[in-house]
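Everything below belongs to protein_14.txt, which stores compact mmCIF, C-alpha atoms and all ligand atoms.
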```
# COMPACT_ATOMS: atom_id res chain seq x y z
CA MET E 64 0.00 0.00 0.00
CA LYS E 65 1.22 3.49 -0.81
CA GLU E 66 2.28 5.67 2.08
CA ASP E 67 0.44 8.95 2.66
CA VAL E 68 1.98 12.36 2.07
CA LEU E 69 0.11 15.55 2.97
CA ILE E 70 0.79 18.75 1.02
CA PHE E 71 -0.40 22.23 1.93
CA GLY E 72 -0.29 24.67 -0.97
CA GLY E 73 -1.54 21.98 -3.35
CA ASN E 74 -1.65 24.41 -6.23
CA SER E 75 1.88 25.73 -5.80
CA PHE E 76 4.58 25.30 -8.40
CA LEU E 77 6.51 22.97 -6.08
CA ALA E 78 3.43 20.88 -5.26
CA LYS E 79 2.59 20.41 -8.92
CA ALA E 80 6.13 19.27 -9.67
CA PHE E 81 6.11 16.90 -6.69
CA ASN E 82 2.72 15.47 -7.68
CA ASP E 83 3.83 14.95 -11.29
CA LYS E 84 6.91 13.02 -10.29
CA TYR E 85 5.72 11.10 -7.23
CA LYS E 86 2.00 10.46 -7.78
CA ASP E 87 2.70 6.76 -8.34
CA ALA E 88 5.07 6.46 -5.38
CA TYR E 89 2.84 8.01 -2.69
CA ALA E 90 -0.81 8.56 -1.87
CA ILE E 91 -0.60 12.35 -2.04
CA HIS E 92 -3.27 14.41 -0.26
CA ASN E 93 -3.19 17.98 -1.53
CA VAL E 94 -4.79 20.77 0.47
CA TYR E 95 -5.77 23.86 -1.52
CA ARG E 96 -6.47 27.37 -0.33
CA ASN E 97 -9.90 27.57 -1.90
CA ASP E 98 -10.64 25.30 -4.82
CA GLN E 99 -14.20 24.05 -4.58
CA THR E 100 -13.52 21.39 -7.23
CA LYS E 101 -11.19 19.67 -4.71
CA GLN E 102 -11.91 17.82 -1.50
CA LEU E 103 -9.45 19.45 0.87
CA ASN E 104 -9.40 23.21 1.33
CA PHE E 105 -7.92 25.36 4.03
CA ASP E 106 -6.98 29.03 4.11
CA PHE E 107 -3.88 29.70 6.24
CA GLU E 108 -5.34 33.08 7.15
CA SER E 109 -8.19 31.31 8.92
CA ASP E 110 -8.12 30.45 12.64
CA ASP E 111 -10.23 27.35 12.16
CA THR E 112 -7.53 24.65 12.01
CA GLU E 113 -10.01 22.21 13.62
CA SER E 114 -12.18 21.90 10.51
CA ILE E 115 -9.35 20.77 8.22
CA ASN E 116 -7.94 18.58 10.95
CA ASN E 117 -11.24 16.71 11.12
CA LYS E 118 -10.93 15.87 7.42
CA LEU E 119 -7.37 14.54 7.65
CA ASN E 120 -7.12 10.96 8.81
CA GLY E 121 -4.05 9.43 7.17
CA ASN E 122 -1.04 7.97 8.88
CA TYR E 123 1.11 10.57 7.15
CA LYS E 124 4.74 9.87 6.36
CA ALA E 125 5.34 13.53 5.53
CA VAL E 126 3.71 16.93 5.72
CA LEU E 127 5.04 19.37 3.16
CA PHE E 128 4.27 23.05 3.72
CA PHE E 129 4.45 24.50 0.21
CA GLN E 130 2.03 27.40 0.83
CA GLY E 131 3.50 30.88 0.78
CA LEU E 132 3.02 34.51 -0.11
CA ASN E 133 5.51 36.07 -2.45
CA PRO E 134 7.27 39.32 -1.45
CA SER E 135 5.01 42.22 -2.33
CA VAL E 136 5.39 45.21 0.02
CA GLY E 137 8.58 47.22 0.51
CA ALA E 138 9.94 48.44 3.85
CA LYS E 139 8.69 51.98 3.32
CA ASP E 140 5.11 50.89 2.63
CA ILE E 141 4.84 48.08 5.17
CA ASP E 142 1.77 47.94 7.40
CA VAL E 143 0.50 45.76 10.23
CA GLU E 144 -1.93 43.91 8.01
CA HIS E 145 0.64 42.72 5.48
CA PHE E 146 3.26 41.83 8.09
CA SER E 147 0.74 39.89 10.18
CA ARG E 148 -0.61 38.04 7.15
CA MET E 149 2.89 36.96 6.10
CA LEU E 150 3.71 35.70 9.61
CA LYS E 151 0.40 33.94 9.88
CA VAL E 152 0.70 32.05 6.59
CA ASN E 153 4.35 31.07 7.14
CA LEU E 154 4.67 30.58 10.90
CA VAL E 155 1.52 30.82 13.01
CA THR E 156 -0.86 28.57 11.12
CA PRO E 157 1.71 25.81 10.41
CA THR E 158 2.41 25.68 14.16
CA LEU E 159 -1.29 25.33 15.00
CA LEU E 160 -1.79 22.72 12.29
CA ILE E 161 1.09 20.61 13.63
CA LYS E 162 -0.40 20.85 17.12
CA ASN E 163 -3.49 19.08 15.75
CA LEU E 164 -1.75 16.84 13.25
CA ALA E 165 1.17 15.51 15.29
CA GLY E 166 -0.80 12.46 16.42
CA LYS E 167 -1.64 11.59 12.81
CA LEU E 168 1.95 11.39 11.62
CA SER E 169 3.89 8.16 11.57
CA GLU E 170 6.97 7.69 13.77
CA GLY E 171 9.89 9.59 12.18
CA ALA E 172 7.61 11.42 9.75
CA LEU E 173 8.99 14.48 7.99
CA VAL E 174 7.60 17.97 8.53
CA LEU E 175 9.08 20.24 5.89
CA PHE E 176 9.10 24.02 5.67
CA ILE E 177 10.26 26.00 2.66
CA SER E 178 12.46 28.98 3.42
CA SER E 179 14.33 31.25 1.07
CA VAL E 180 17.70 32.78 0.40
CA ALA E 181 15.96 35.91 1.71
CA LYS E 182 16.56 34.58 5.23
CA LYS E 183 20.25 35.47 4.82
CA LYS E 184 20.32 38.20 2.19
CA GLY E 185 17.08 39.96 3.21
CA SER E 186 14.19 40.84 0.93
CA TYR E 187 12.80 44.18 -0.22
CA ASP E 188 9.73 42.94 1.67
CA PRO E 189 10.73 42.82 5.38
CA ALA E 190 7.72 40.66 6.22
CA TYR E 191 8.86 37.99 3.75
CA GLY E 192 12.51 38.06 4.88
CA SER E 193 11.50 37.85 8.54
CA ALA E 194 9.02 35.04 8.03
CA LYS E 195 11.52 32.98 6.06
CA ALA E 196 14.24 33.53 8.70
CA GLY E 197 11.71 32.68 11.39
CA LEU E 198 11.15 29.24 9.92
CA ILE E 199 14.57 28.12 11.21
CA GLY E 200 13.65 28.96 14.80
CA LEU E 201 10.25 27.39 14.30
CA MET E 202 11.82 24.18 13.01
CA HIS E 203 14.02 23.82 16.11
CA SER E 204 11.22 24.76 18.50
CA LEU E 205 8.79 22.22 17.07
CA ALA E 206 11.53 19.59 16.95
CA ASN E 207 12.04 20.15 20.71
CA ALA E 208 8.34 19.67 21.35
CA TYR E 209 7.59 16.72 19.04
CA ASN E 210 10.65 14.53 19.24
CA GLN E 211 9.02 11.59 17.46
CA LEU E 212 8.95 13.67 14.26
CA ARG E 213 11.67 15.09 12.00
CA PHE E 214 11.56 18.79 11.16
CA ASN E 215 13.59 20.14 8.26
CA VAL E 216 13.79 23.25 6.11
CA VAL E 217 14.91 23.73 2.54
CA SER E 218 15.95 27.27 1.70
CA LEU E 219 15.60 28.10 -1.96
CA GLY E 220 17.17 30.48 -4.41
CA LEU E 221 15.05 31.72 -7.30
CA VAL E 222 13.32 28.72 -8.89
CA GLU E 223 13.16 28.85 -12.67
CA ASN E 224 9.67 29.20 -14.16
CA SER E 225 7.94 29.55 -10.76
CA PRO E 226 5.32 32.33 -10.38
CA VAL E 227 7.76 34.62 -8.54
CA PHE E 228 10.31 34.05 -11.31
CA ASN E 229 7.73 34.70 -14.04
CA ASN E 230 6.64 37.96 -12.39
CA MET E 231 10.17 39.37 -12.20
CA THR E 232 11.79 41.64 -14.74
CA GLU E 233 14.62 40.06 -16.71
CA ASP E 234 16.98 42.51 -15.09
CA PHE E 235 16.00 41.37 -11.61
CA ARG E 236 16.24 37.70 -12.56
CA GLN E 237 19.77 38.24 -13.81
CA LYS E 238 20.70 39.85 -10.48
CA HIS E 239 19.72 36.57 -8.82
CA ALA E 240 21.41 34.37 -11.40
CA GLY E 241 24.63 36.37 -11.17
CA ARG E 242 25.00 35.39 -7.52
CA MET E 243 24.42 31.68 -8.00
CA PHE E 244 26.62 28.90 -9.33
CA ASN E 245 27.20 29.10 -13.08
CA ASP E 246 24.75 32.04 -13.30
CA GLU E 247 21.93 29.52 -13.26
CA PHE E 248 18.52 29.47 -11.60
CA ILE E 249 17.35 26.71 -9.29
CA LYS E 250 15.69 23.82 -11.10
CA VAL E 251 12.40 22.61 -9.61
CA GLU E 252 13.37 19.01 -10.29
CA ASP E 253 16.45 19.44 -8.08
CA VAL E 254 14.25 20.76 -5.29
CA ILE E 255 11.69 17.99 -5.34
CA ASN E 256 14.38 15.32 -5.56
CA ILE E 257 15.75 16.63 -2.26
CA VAL E 258 12.25 16.71 -0.78
CA ALA E 259 11.78 13.05 -1.73
CA GLU E 260 15.14 12.19 -0.18
CA LEU E 261 14.17 13.98 3.04
CA ILE E 262 10.96 11.96 3.29
CA ASN E 263 12.92 8.74 3.48
CA ASN E 264 16.26 9.69 5.00
CA LYS E 265 15.77 9.37 8.73
CA SER E 266 19.32 10.53 9.46
CA ILE E 267 18.33 14.05 8.49
CA ASN E 268 16.61 16.07 11.19
CA ARG E 269 16.69 19.82 12.06
CA ALA E 270 18.59 20.49 8.83
CA ASP E 271 18.35 23.70 6.85
CA ILE E 272 19.32 22.56 3.37
CA GLU E 273 20.22 25.48 1.15
CA ILE E 274 19.35 24.88 -2.49
CA ASP E 275 20.48 28.26 -3.70
CA GLY E 276 23.46 27.68 -5.94
CA GLY E 277 25.71 28.96 -3.15
CA TYR E 278 24.09 32.41 -3.39
CA ASN E 279 26.54 35.09 -2.32
N1 LIG W 301 9.65 29.88 -6.27
C1 LIG W 301 10.75 30.36 -5.70
O1 LIG W 301 11.68 30.85 -6.37
C2 LIG W 301 10.90 30.31 -4.21
C3 LIG W 301 12.08 30.78 -3.63
C4 LIG W 301 12.21 30.75 -2.24
C5 LIG W 301 11.20 30.25 -1.46
N2 LIG W 301 10.05 29.81 -2.04
C6 LIG W 301 8.98 29.30 -1.17
O2 LIG W 301 8.62 27.99 -1.57
C7 LIG W 301 7.23 27.77 -1.33
C8 LIG W 301 6.58 27.30 -2.63
O3 LIG W 301 6.94 28.20 -3.67
P1 LIG W 301 6.19 28.15 -5.08
O4 LIG W 301 6.98 28.98 -6.02
O5 LIG W 301 5.86 26.74 -5.41
O6 LIG W 301 4.87 28.95 -4.67
P2 LIG W 301 3.63 29.41 -5.56
O7 LIG W 301 3.54 28.62 -6.83
O8 LIG W 301 3.65 30.90 -5.63
O9 LIG W 301 2.40 28.93 -4.66
C9 LIG W 301 2.16 29.41 -3.39
C10 LIG W 301 0.94 28.67 -2.90
O10 LIG W 301 0.60 29.14 -1.61
C11 LIG W 301 -0.81 29.16 -1.54
N3 LIG W 301 -1.27 30.11 -0.55
C12 LIG W 301 -1.03 31.44 -0.48
N4 LIG W 301 -1.70 31.98 0.55
C13 LIG W 301 -2.38 30.96 1.13
C14 LIG W 301 -3.27 30.89 2.20
N5 LIG W 301 -3.65 31.96 2.90
N6 LIG W 301 -3.79 29.68 2.53
C15 LIG W 301 -3.46 28.57 1.84
N7 LIG W 301 -2.62 28.57 0.79
C16 LIG W 301 -2.09 29.76 0.44
C17 LIG W 301 -1.26 29.58 -2.93
O11 LIG W 301 -2.61 29.19 -3.10
P3 LIG W 301 -3.46 29.62 -4.38
O12 LIG W 301 -3.06 28.63 -5.44
O13 LIG W 301 -4.86 29.48 -3.95
O14 LIG W 301 -3.08 31.01 -4.73
C18 LIG W 301 -0.29 28.84 -3.82
O15 LIG W 301 -0.78 27.57 -4.19
C19 LIG W 301 6.68 29.08 -0.80
O16 LIG W 301 6.67 29.06 0.61
C20 LIG W 301 7.70 30.10 -1.28
O17 LIG W 301 7.76 31.25 -0.44
C21 LIG W 301 9.87 29.82 -3.39
```
Write the structure described by the file as structure tokens, please.
Ligand SMILES: NC(=O)c1ccc[n+]([C@@H]2O[C@H](COP(=O)([O-])OP(=O)(O)OC[C@H]3O[C@@H](n4cnc5c(N)ncnc54)[C@H](OP(=O)(O)O)[C@@H]3O)[C@@H](O)[C@H]2O)c1
Amino acid sequence: MKEDVLIFGGNSFLAKAFNDKYKDAYAIHNVYRNDQTKQLNFDFESDDTESINNKLNGNYKAVLFFQGLNPSVGAKDIDVEHFSRMLKVNLVTPTLLIKNLAGKLSEGALVLFISSVAKKKGSYDPAYGSAKAGLIGLMHSLANAYNQLRFNVVSLGLVENSPVFNNMTEDFRQKHAGRMFNDEFIKVEDVINIVAELINNKSINRADIEIDGGYN
């Protein structure tokens, strides 16, 4: 029988790539923000984690948090609403979901968060940079609390053909490429291969794996 993998952000670029490659290997349960054609929906801005929890009953081998908000508000325009929303989607709601879900994960299951090179270089959007840096502290804190589970982070450089990539000017893309190995963008296939490895490799716990072409 296929093992169960739970994905939040089911419509994300990473989730689609993971589903394409691993749909035969795992029973993948995708949770969408709001897609009424799908069974599982949950908005990370909502406080009602109980309702989605009641619909999730697998013995999950992994929970992949692929939801996220792209950087969109600069430091000089920042407001409470945007900052709070970013922290809620990246940090607060994942914590509350794990509180409910922990008992539904198999021994040694992977909980994976996706951070960004912005955690070390900053972002024009301070809410984004802070939330992505915060994921490292969150990973260690949850690992302290739920020691039967493995918590890991992958921190990404700019992923080729993703929505954030497609919405950037060519000039801005080249600024990213110029700071990564061989002037190349991150390939989504390389990211999901590492995700698949993390699901099975029980020696890896509390790691922050940087897939950013050595961005400097
Ligand atoms: N792509 C990159 O270059 C890159 C680089 C560094 C880090 N990352 C991080 O990697 C993760 C995945 O990236 P990606 O490029 O695959 O993302 P993406 O394609 O932009 O998708 C983001 C997903 O998050 C969902 N989402 C946003 N707000 C939500 C909410 N309130 N509740 C539930 N779902 C919500 C969106 O749902 P809808 O489909 O409904 O809009 C969307 O499916 C994100 O955390 C991103 O910050 C990406």
Taking 6 positions as the minimum chain separation for residues in the same chain, which residues sit within 8 Å of region 128-145 of chain E when counting only C-alpha atoms? Answer as a PyMOL selection string. chain E and resi 70-73+75+77-78+152-153+157+174-177+186-191+227
Find, counting all atoms listed in the file, the residue in E:Ile267, E:Leu154, E:Ala259, E:Ile161 that gets nearest to ligand LIG 301 (chain W).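 Going through E:Ile267, E:Leu154, E:Ala259, E:Ile161 one by one, the smallest distance to ligand LIG 301 (chain W) is for E:Leu154.
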Take CA of Phe248 (chain E) and CA of Gly277 (chain E) and report the distance between them in Å, one decimal.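 Separation of CA of Phe248 (chain E) and CA of Gly277 (chain E): 11.1 Å.
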What does the distance from CA of Leu201 (chain E) to CA of Asn224 (chain E) come to in Å, to one decimal? 28.5 Å
Up to 12 Å from (18.2, 19.4, 8.2) in the file's coordinates: name the residues, counting only C-alpha atoms, as an mmCIF file with C-alpha atoms, in the frame of the given file.
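Writing done, so here's result.cif:
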```
data_model
loop_
_atom_site.group_PDB
_atom_site.id
_atom_site.type_symbol
_atom_site.label_atom_id
_atom_site.label_comp_id
_atom_site.auth_asym_id
_atom_site.auth_seq_id
_atom_site.Cartn_x
_atom_site.Cartn_y
_atom_site.Cartn_z
ATOM 1 C CA LEU E 173 8.990 14.480 7.990
ATOM 2 C CA VAL E 174 7.600 17.970 8.530
ATOM 3 C CA LEU E 175 9.080 20.240 5.890
ATOM 4 C CA PHE E 176 9.100 24.020 5.670
ATOM 5 C CA ILE E 177 10.260 26.000 2.660
ATOM 6 C CA ILE E 199 14.570 28.120 11.210
ATOM 7 C CA MET E 202 11.820 24.180 13.010
ATOM 8 C CA HIS E 203 14.020 23.820 16.110
ATOM 9 C CA ALA E 206 11.530 19.590 16.950
ATOM 10 C CA ARG E 213 11.670 15.090 12.000
ATOM 11 C CA PHE E 214 11.560 18.790 11.160
ATOM 12 C CA ASN E 215 13.590 20.140 8.260
ATOM 13 C CA VAL E 216 13.790 23.250 6.110
ATOM 14 C CA VAL E 217 14.910 23.730 2.540
ATOM 15 C CA SER E 218 15.950 27.270 1.700
ATOM 16 C CA ILE E 257 15.750 16.630 -2.260
ATOM 17 C CA VAL E 258 12.250 16.710 -0.780
ATOM 18 C CA GLU E 260 15.140 12.190 -0.180
ATOM 19 C CA LEU E 261 14.170 13.980 3.040
ATOM 20 C CA ILE E 262 10.960 11.960 3.290
ATOM 21 C CA ASN E 264 16.260 9.690 5.000
ATOM 22 C CA LYS E 265 15.770 9.370 8.730
ATOM 23 C CA SER E 266 19.320 10.530 9.460
ATOM 24 C CA ILE E 267 18.330 14.050 8.490
ATOM 25 C CA ASN E 268 16.610 16.070 11.190
ATOM 26 C CA ARG E 269 16.690 19.820 12.060
ATOM 27 C CA ALA E 270 18.590 20.490 8.830
ATOM 28 C CA ASP E 271 18.350 23.700 6.850
ATOM 29 C CA ILE E 272 19.320 22.560 3.370
ATOM 30 C CA GLU E 273 20.220 25.480 1.150
#
```
Pick the closest to Lys162 (chain E) from E:Gln237, E:Ser225, E:Ser193, E:Thr112: which is it, counting all atoms listed in the file?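 Closest residue, counting all atoms listed in the file: E:Thr112.
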Find the smallest box with edges along x, y and z containing every listed atom of ligand LIG 301 (chain W), then add 8 Å on each side and report centre and edge lengths in Å to one decimal, as JSON.
```
{"center_x": 3.7, "center_y": 29.4, "center_z": -2.0, "size_x": 33.1, "size_y": 21.2, "size_z": 25.7}
```
Using only C-alpha atoms and all ligand atoms, which residue out of E:Ser178, E:Ser169, E:Thr100, E:Thr156 lies closest to ligand LIG 301 (chain W)? E:Ser178
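Our summary of the geometry notes that atom O4 of ligand LIG 301 (chain W) is positioned 9.6 Å from CA of Leu219 (chain E).
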Which of these residues is nearest to ligand LIG 301 (chain W), using all atoms listed in the file: E:Met231, E:Leu69, E:Ala165, E:Ile91? E:Met231
Would you mind listing what lies within 10 Å of Lys183 (chain E) as number ranges by chain, with all atoms listed in the file counted and same-chain residues fewer than 2 positions away left out? E: 179-181, 185-186, 192-193, 195-196, 218, 278-279
Between E:Asn122, E:Asn117, E:Val222, E:Lys65, which residue has the minimum interatomic distance to Lys86 (chain E), considering all atoms listed in the file? E:Lys65
Option closest in space to ligand LIG 301 (chain W), from E:Ala240, E:Leu212, E:Ile255, E:Leu221 [counting only C-alpha atoms and all ligand atoms]: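 With only C-alpha atoms and all ligand atoms as the atom set, the closest residue is E:Leu221.
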